[in-house]
There are 2 protein chains.
Amino acid sequence: MKPKTYHIIDHIKSRIHLSDAEVKKINSKLIHRKYLKGQYIGQERDVSKYQTYIVSGKVRTFYLDEKGQEHIVAFGFGDWWVGDIASFTTQTPAELNIQCITDTEVVQISYPDMEELYHDVPKLERYFRIIIQAAYGSMSKRIIRNHSLSAKERYLLLTQSEPNITQLVPQYMVASYLGVTKEFLSNIKKQIQSESKS
Amino acid sequence: MKPKTYHIIDHIKSRIHLSDAEVKKINSKLIHRKYLKGQYIGQERDVSKYQTYIVSGKVRTFYLDEKGQEHIVAFGFGDWWVGDIASFTTQTPAELNIQCITDTEVVQISYPDMEELYHDVPKLERYFRIIIQAAYGSMSKRIIRNHSLSAKERYLLLTQSEPNITQLVPQYMVASYLGVTKEFLSNIKKQIQSESKS
DNA sequence: CGAAAATTTGACATGACTCAACTGGAGTGG
DNA sequence: CCACTCCAGTTGAGTCATGTCAAATTTTCG
C-alpha cells in the first residue's frame, strides 16, 4: 500500500523538483488533520507548533488589540500556508490567532520535523524561500495600498482582485481586513451603489 | 593578495555555516559599489537587477502614488538587505523606488549570479529564507499596528523602538513611514510636548 | 549672508469612527 | 408554523482623527 500523497506535494513540486525518496521523506512528516468551523489552529500566547498548509476550507489570521477589537491580517483559502511565522520560526509566543471560518482540512509539519526536513531535504529551503518571498511581496503591496488609498478604493481593488470575496467570508470580516469598521464598509457599499445608478 | 572579505560574509555566517570555498565563491560574485546621497539604487518601472546589501549609509524604499505622493515602505540603515523583492524574484518592473538618503556603500549580487550562487551554495537558500522570514514578520507586525493604533501611538512606539530615528532621517520621512502627513506629525509632537510639561 | 529645504501654525474640510437603534434573515424549539 | 432569539447588516446623528492648503518660521547649507 502506497503512502497517501497529499496535494501539498504537487504544490511543492510546482516550485522545486523532488525525487521519489524526498517525497517519501516529506510525506512521512505530514500530519493530516481536520478542524471544525470556529476552531483555532493557533492562538495568541501559544507557541506555534506547526507550519500549516490549508488543503480545503477557509481560515482567517487575526490580531486582537487591547480594546478587544479584531484585525484580520490575512485570509487562507486552500492550497496556501498559514500561521504566525514569527512565532513558529523563533518558537516564541504568538501574537496572531488562526481560526477556521469553515470546516477545514490541513496538513501540518511540526517544528522539530521541519528542522529535520530542512536537513534531509535542503531543497525545501528553496521552496519556502520562494513561498515567503511571495507572501512578503503581497504584504508589502498591502502596506502601500493602506497608505495611499482610501477605504473605498481599497474595497474596490479587493472586489476586483477577489470578486467572490463577499461570498467567501462575511462582510464584517472584509471590513476588518480592509481596516475599517463594518458600519463604514456598509456606508461605502451604499455610496458605490448610488454612483452606479446615476 | 587575498580577495577582500566584506562585512556581509559575517552577516551570512551568523545565520549559516560556510566553508572557505563557499566564502570564496560568494565573494567572487559580490559587486562593491558606492552611491551618493539622492541617487537611486532602483527605480519603479525598471526591473530590479540586484539584490542589495547596505554596508553603510541610509536608504529609503518608497512608493509613488498617482497623486505623486511618496509613501515610505521601509528604511535601510546598514547591514541589511534592500530592494523590490517582488521585482527581483520575478524579474518584472518594480513598483518601488530605492533611494539613498546619505552617501551609501553597498554590496550587490546580480540576478544571474544569485541563481548561480543558489545552485553552487545551496545553503544560501536557508540564509535568505531566514532573512525574509524576519522581514515578513516585522512587516506583518507593521500592518497590525497600522490598523490598531492611532498615529500618535505609532509615533511613540517608533521613537521607543528606534530612539534615534529623528536623528537618522528628516521628520517628513518619519511621517511618510508612519502613514501621516508631515503637518499632522508636527501636530502630534506638539501634543506630546504639552502633555509631558503638565 | 542668502536661498532652499524642513518644520510649524492655524483655519477649515472630510473620511472614518462611535454608539445606539433598527431591519432582516436563519435557525430553533414549543 | 409561529414566536423567539441571534447574528449580520444597515442607518443616521454626532464626534474625532487626520488631511488640505496656505502662510509663517526655523534650520540647513552653499
# chains A, B, ... in the order shown; residues from 1 in each chain; ligands from 1
>>> calpha_fit_and_write(fixed="chain B", moving="chain A", output="CSV table (one decimal) with C-alpha atoms, in the first residue's frame")
chain,number,residue,atom,x,y,z
A,1,MET,CA,46.8,38.8,-2.2
A,2,LYS,CA,43.6,37.5,-0.5
A,3,PRO,CA,40.3,38.6,-2.0
A,4,LYS,CA,38.7,41.2,0.1
A,5,THR,CA,36.1,39.9,2.6
A,6,TYR,CA,33.1,42.1,3.1
A,7,HIS,CA,31.1,42.5,6.3
A,8,ILE,CA,28.3,40.8,4.5
A,9,ILE,CA,30.1,37.5,4.9
A,10,ASP,CA,30.0,37.8,8.7
A,11,HIS,CA,26.3,38.5,8.4
A,12,ILE,CA,25.7,35.4,6.4
A,13,LYS,CA,28.0,33.4,8.7
A,14,SER,CA,25.9,34.5,11.7
A,15,ARG,CA,23.0,32.5,10.2
A,16,ILE,CA,24.6,29.6,8.4
A,17,HIS,CA,28.0,27.9,8.4
A,18,LEU,CA,30.2,28.5,5.3
A,19,SER,CA,33.4,26.7,4.2
A,20,ASP,CA,36.3,28.7,2.9
A,21,ALA,CA,35.5,27.5,-0.6
A,22,GLU,CA,31.9,28.8,-0.3
A,23,VAL,CA,33.0,32.1,1.0
A,24,LYS,CA,35.3,32.4,-1.9
A,25,LYS,CA,32.5,31.6,-4.3
A,26,ILE,CA,30.2,34.1,-2.8
A,27,ASN,CA,32.9,36.8,-2.7
A,28,SER,CA,33.6,36.3,-6.4
A,29,LYS,CA,30.0,37.4,-7.1
A,30,LEU,CA,29.9,40.4,-4.9
A,31,ILE,CA,29.9,43.8,-6.6
A,32,HIS,CA,31.1,46.6,-4.4
A,33,ARG,CA,29.6,50.0,-5.1
A,34,LYS,CA,29.1,53.4,-3.8
A,35,TYR,CA,26.1,55.7,-4.3
A,36,LEU,CA,25.8,59.4,-3.5
A,37,LYS,CA,23.1,61.0,-1.4
A,38,GLY,CA,20.0,61.3,-3.5
A,39,GLN,CA,20.9,58.6,-6.0
A,40,TYR,CA,18.6,55.7,-6.8
A,41,ILE,CA,19.7,52.1,-6.3
A,42,GLY,CA,16.5,51.1,-8.1
A,43,GLN,CA,13.5,52.9,-9.6
A,44,GLU,CA,9.9,52.0,-10.3
A,45,ARG,CA,9.3,50.5,-13.8
A,46,ASP,CA,12.9,49.2,-14.0
A,47,VAL,CA,13.4,45.6,-13.4
A,48,SER,CA,15.4,45.1,-10.3
A,49,LYS,CA,18.8,43.7,-11.4
A,50,TYR,CA,20.4,43.3,-8.0
A,51,GLN,CA,19.9,42.1,-4.5
A,52,THR,CA,21.5,44.9,-2.5
A,53,TYR,CA,23.1,44.7,0.9
A,54,ILE,CA,23.7,48.0,2.7
A,55,VAL,CA,27.2,48.2,4.1
A,56,SER,CA,27.0,51.7,5.4
A,57,GLY,CA,24.7,54.7,4.8
A,58,LYS,CA,21.0,55.2,4.9
A,59,VAL,CA,18.4,54.2,2.3
A,60,ARG,CA,14.7,54.5,2.0
A,61,THR,CA,12.3,52.4,0.0
A,62,PHE,CA,9.2,54.2,-1.2
A,63,TYR,CA,6.2,54.1,-3.4
A,64,LEU,CA,4.9,57.0,-5.5
A,65,ASP,CA,1.1,57.1,-5.8
A,66,GLU,CA,-1.0,58.5,-8.6
A,67,LYS,CA,-1.2,61.9,-6.8
A,68,GLY,CA,2.6,62.0,-6.8
A,69,GLN,CA,2.8,61.4,-3.1
A,70,GLU,CA,5.6,59.4,-1.5
A,71,HIS,CA,4.9,56.5,0.8
A,72,ILE,CA,7.9,55.2,2.6
A,73,VAL,CA,7.7,51.4,3.0
A,74,ALA,CA,11.0,50.8,4.8
A,75,PHE,CA,14.3,52.3,5.8
A,76,GLY,CA,17.7,50.6,5.5
A,77,PHE,CA,20.4,51.6,7.9
A,78,GLY,CA,23.4,49.3,7.3
A,79,ASP,CA,23.9,45.6,7.4
A,80,TRP,CA,20.6,44.8,5.9
A,81,TRP,CA,19.1,44.0,2.5
A,82,VAL,CA,17.0,46.4,0.5
A,83,GLY,CA,15.3,46.1,-2.8
A,84,ASP,CA,12.0,45.4,-4.5
A,85,ILE,CA,11.9,41.7,-3.7
A,86,ALA,CA,8.9,41.1,-5.9
A,87,SER,CA,10.6,42.7,-8.9
A,88,PHE,CA,13.9,40.9,-8.3
A,89,THR,CA,12.5,37.5,-7.8
A,90,THR,CA,10.1,37.6,-10.7
A,91,GLN,CA,12.2,39.9,-12.9
A,92,THR,CA,9.3,42.2,-13.6
A,93,PRO,CA,9.1,46.0,-13.4
A,94,ALA,CA,9.5,47.4,-9.9
A,95,GLU,CA,6.8,49.4,-8.1
A,96,LEU,CA,9.3,50.6,-5.5
A,97,ASN,CA,12.0,53.2,-5.5
A,98,ILE,CA,15.1,52.7,-3.5
A,99,GLN,CA,16.9,56.0,-2.8
A,100,CYS,CA,20.0,56.9,-0.8
A,101,ILE,CA,19.3,59.3,2.0
A,102,THR,CA,23.1,59.7,2.5
A,103,ASP,CA,26.1,58.6,0.7
A,104,THR,CA,25.9,54.8,0.8
A,105,GLU,CA,28.1,51.9,0.3
A,106,VAL,CA,26.6,48.6,-0.8
A,107,VAL,CA,27.4,45.1,-2.0
A,108,GLN,CA,25.3,43.8,-4.8
A,109,ILE,CA,24.6,40.4,-6.4
A,110,SER,CA,23.0,40.3,-9.8
A,111,TYR,CA,20.1,38.1,-10.7
A,112,PRO,CA,22.0,35.6,-12.8
A,113,ASP,CA,24.8,35.4,-10.2
A,114,MET,CA,22.2,34.9,-7.5
A,115,GLU,CA,20.8,32.0,-9.3
A,116,GLU,CA,24.2,30.6,-9.8
A,117,LEU,CA,25.0,31.0,-6.1
A,118,TYR,CA,21.8,29.3,-5.1
A,119,HIS,CA,23.0,26.4,-7.2
A,120,ASP,CA,26.6,26.3,-6.1
A,121,VAL,CA,26.0,27.2,-2.4
A,122,PRO,CA,22.5,25.8,-1.7
A,123,LYS,CA,22.9,26.8,2.0
A,124,LEU,CA,22.2,30.4,0.8
A,125,GLU,CA,18.6,29.4,0.3
A,126,ARG,CA,18.5,28.9,4.0
A,127,TYR,CA,20.2,32.2,4.7
A,128,PHE,CA,17.7,34.1,2.6
A,129,ARG,CA,14.8,32.1,3.9
A,130,ILE,CA,15.7,33.2,7.4
A,131,ILE,CA,16.3,36.8,6.3
A,132,ILE,CA,13.0,37.0,4.5
A,133,GLN,CA,11.1,35.3,7.3
A,134,ALA,CA,12.4,38.0,9.7
A,135,ALA,CA,11.4,40.8,7.2
A,136,TYR,CA,8.0,39.2,6.7
A,137,GLY,CA,7.4,39.0,10.5
A,138,SER,CA,8.2,42.7,11.0
A,139,MET,CA,6.1,43.7,8.0
A,140,SER,CA,3.2,41.8,9.3
A,141,LYS,CA,3.6,43.5,12.7
A,142,ARG,CA,3.5,46.8,10.9
A,143,ILE,CA,0.2,46.1,9.3
A,144,ILE,CA,-1.2,45.1,12.7
A,145,ARG,CA,0.0,48.3,14.2
A,146,ASN,CA,-1.3,50.5,11.4
A,147,HIS,CA,-4.7,49.0,11.9
A,148,SER,CA,-4.9,49.0,15.7
A,149,LEU,CA,-3.0,52.1,16.7
A,150,SER,CA,-3.5,55.8,16.2
A,151,ALA,CA,-0.9,57.9,14.5
A,152,LYS,CA,0.3,59.2,17.9
A,153,GLU,CA,0.6,55.7,19.3
A,154,ARG,CA,2.5,54.6,16.3
A,155,TYR,CA,4.9,57.5,16.6
A,156,LEU,CA,5.5,56.8,20.3
A,157,LEU,CA,6.2,53.2,19.5
A,158,LEU,CA,8.6,54.1,16.8
A,159,THR,CA,10.6,56.6,18.8
A,160,GLN,CA,10.7,54.0,21.6
A,161,SER,CA,12.0,51.1,19.4
A,162,GLU,CA,14.2,53.4,17.3
A,163,PRO,CA,15.0,56.3,19.6
A,164,ASN,CA,17.4,58.0,17.3
A,165,ILE,CA,15.1,57.8,14.3
A,166,THR,CA,14.7,61.6,14.5
A,167,GLN,CA,18.5,62.0,14.0
A,168,LEU,CA,18.7,59.5,11.3
A,169,VAL,CA,16.1,60.8,8.8
A,170,PRO,CA,14.2,64.1,8.4
A,171,GLN,CA,10.9,64.4,10.0
A,172,TYR,CA,8.8,64.4,6.9
A,173,MET,CA,10.2,60.9,6.1
A,174,VAL,CA,9.2,59.7,9.5
A,175,ALA,CA,5.7,61.0,8.8
A,176,SER,CA,5.6,59.2,5.5
A,177,TYR,CA,6.8,56.0,7.1
A,178,LEU,CA,4.1,56.3,9.8
A,179,GLY,CA,1.5,57.0,7.1
A,180,VAL,CA,0.6,60.5,8.1
A,181,THR,CA,1.2,64.0,6.7
A,182,LYS,CA,4.2,66.0,7.9
A,183,GLU,CA,1.8,68.6,9.3
A,184,PHE,CA,0.0,66.1,11.4
A,185,LEU,CA,3.1,64.6,12.7
A,186,SER,CA,4.2,68.1,13.7
A,187,ASN,CA,0.8,68.4,15.5
A,188,ILE,CA,1.3,65.1,17.3
A,189,LYS,CA,4.7,66.2,18.6
A,190,LYS,CA,3.2,69.3,20.0
A,191,GLN,CA,0.5,67.3,21.8
A,192,ILE,CA,3.1,65.0,23.3
A,193,GLN,CA,5.2,68.0,24.4
A,194,SER,CA,2.3,69.7,26.1
A,195,GLU,CA,1.4,66.5,27.8
A,196,SER,CA,4.8,65.9,29.3
A,197,LYS,CA,4.9,69.5,30.6
A,198,SER,CA,1.6,69.2,32.6
>>> residues_around(residues="range 11-28 of chain D", least_positions_apart="6", cutoff="8 Å", atoms="only C-alpha atoms (C1' of nucleotides)", output="count of residues only")
13
>>> atom_distance(atom1="C1' of DT10 in chain D", atom2="C1' of DG24 in chain C")
9.8 Å
>>> select_by_dssp(residues="range 8-118 of chain A", states="strand (DSSP E or B)", output="ChimeraX atom specification")
/A:31-35,40-42,47,50-56,59-64,70-76,80-82,93,97-100,104-110
